[in-house]
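**Q** Starting off with a structure, shown below.
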Amino acid sequence: MILDCDICSDLLLQDPSADPSQQEAKQREAEIRNTILAQVLDQAARARLSNLALVKPDKAKAVENYLIQMARFGQLAGKVSEQGLIEILEKVSQQTEKKTTVKFNRRKVLDSDEEDDY
C-alpha cells in the first residue's frame, strides 16, 4: 500500500491528542491574526516582525497582540512603518524587562575544627 506523501506529512505534523475542531480553530485564529497584521504593518515592518518571531517568539507574540489591540481600538492611523515597529518593540521591551539580581546567601558554617586552630 502506497501513501501519498502530502497526507503522510500532514499526519506527522498533527498532534494526535488534539481534536480536529481545535486545530481548525487555531488555524482560523492564525489566519485572522495574519490578516490584521497585514493590514496594519507595511512590508518592512512585517519582515522585521517575522525575523523577531524566529529569534524571540514570545516577544513577537506580545508585539503582535499589542498591534492587534491597537488596531481594534482604532489607535493606529495608517500602516505602521518599520521605524514605528521599532518604537513599539522598545516600549514592549521596557514593559517586559526582567531585572536580574544576584543575592548571596552567606550561611555560617559550623566547623568543629575552629577550636583546635590556635
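Following the order of the C-alpha cells, chains are lettered A, B, ..., residues in each are numbered from 1, and ligands are numbered from 1.
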Name the residues in contact with Leu67 in chain A at a cut-off of 10 Å, using only C-alpha atoms, excluding same-chain residues fewer than 4 positions from it; report them as an mmCIF file with N, CA and C atoms, in the first residue's frame.
**A**
```cif
data_model
loop_
_atom_site.group_PDB
_atom_site.id
_atom_site.type_symbol
_atom_site.label_atom_id
_atom_site.label_comp_id
_atom_site.auth_asym_id
_atom_site.auth_seq_id
_atom_site.Cartn_x
_atom_site.Cartn_y
_atom_site.Cartn_z
ATOM 1 N N ILE A 36 -4.989 40.711 10.001
ATOM 2 C CA ILE A 36 -4.952 42.000 10.712
ATOM 3 C C ILE A 36 -3.555 42.607 10.629
ATOM 4 N N LEU A 37 -2.537 41.786 10.861
ATOM 5 C CA LEU A 37 -1.160 42.298 10.815
ATOM 6 C C LEU A 37 -0.786 42.764 9.403
ATOM 7 N N VAL A 40 -2.178 46.182 9.019
ATOM 8 C CA VAL A 40 -1.646 47.181 9.951
ATOM 9 C C VAL A 40 -0.181 47.525 9.669
ATOM 10 N N LEU A 41 0.601 46.547 9.195
ATOM 11 C CA LEU A 41 2.046 46.740 9.011
ATOM 12 C C LEU A 41 2.403 46.878 7.540
ATOM 13 N N LYS A 61 5.098 37.611 19.782
ATOM 14 C CA LYS A 61 3.682 37.396 20.089
ATOM 15 C C LYS A 61 3.131 38.570 20.898
ATOM 16 N N ALA A 62 3.933 39.087 21.840
ATOM 17 C CA ALA A 62 3.492 40.236 22.637
ATOM 18 C C ALA A 62 3.305 41.466 21.757
ATOM 19 N N VAL A 63 4.209 41.674 20.807
ATOM 20 C CA VAL A 63 4.105 42.818 19.900
ATOM 21 C C VAL A 63 2.892 42.649 18.988
ATOM 22 N N ALA A 71 -5.150 48.151 16.832
ATOM 23 C CA ALA A 71 -5.956 48.200 15.616
ATOM 24 C C ALA A 71 -7.441 48.069 15.946
ATOM 25 N N ARG A 72 -7.779 47.216 16.889
ATOM 26 C CA ARG A 72 -9.190 47.020 17.243
ATOM 27 C C ARG A 72 -9.794 48.267 17.873
ATOM 28 N N GLN A 75 -6.530 52.919 17.351
ATOM 29 C CA GLN A 75 -5.445 53.793 17.782
ATOM 30 C C GLN A 75 -4.338 53.912 16.736
ATOM 31 N N LEU A 76 -4.472 53.197 15.642
ATOM 32 C CA LEU A 76 -3.455 53.259 14.594
ATOM 33 C C LEU A 76 -3.970 54.099 13.432
ATOM 34 N N VAL A 80 1.731 50.857 10.029
ATOM 35 C CA VAL A 80 2.892 51.081 10.891
ATOM 36 C C VAL A 80 4.147 50.809 10.066
ATOM 37 N N LEU A 85 7.434 50.307 14.226
ATOM 38 C CA LEU A 85 7.525 48.998 14.861
ATOM 39 C C LEU A 85 8.696 48.947 15.833
ATOM 40 N N ILE A 88 7.607 50.545 18.975
ATOM 41 C CA ILE A 88 6.720 49.645 19.714
ATOM 42 C C ILE A 88 7.526 48.537 20.377
#
```
**Q** In Å, rounded to a single decimal, give me how far CA of Glu64 in chain A is from CA of Thr35 in chain A.
**A**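 CA of Thr35 in chain A sits 11.7 Å away from CA of Glu64 in chain A.
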**Q** One number please: CA of Glu82 in chain A to CA of Ala44 in chain A, in Å, one decimal.
**A**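 One can read the CA of Glu82 in chain A to CA of Ala44 in chain A distance as 5.6 Å.
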**Q** With distances taken over only C-alpha atoms, which residue among A:Gln27, A:Thr96, A:Gln43, A:Gln83 lies nearest Asp58 in chain A?
**A**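 Answer, going by the shortest atom-to-atom distance: A:Thr96.
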**Q** At what distance in Å, to one decimal, does CA of Gly78 in chain A lie from CA of Ala25 in chain A?
**A** 28.9 Å
**Q** Would you please extract all helix (DSSP H, G or I) residues from range 22-107 of chain A, as assigned by DSSP on the backbone, and give them as an MDAnalysis selection string?
**A** chainID A and resid 22:40 43:55 57:72 82:95
**Q** So, with only C-alpha atoms as the atoms that count, which of A:Ala77, A:Lys59, A:Arg106, A:Asn65 lies closest to Glu90 in chain A?
**A** A:Lys59
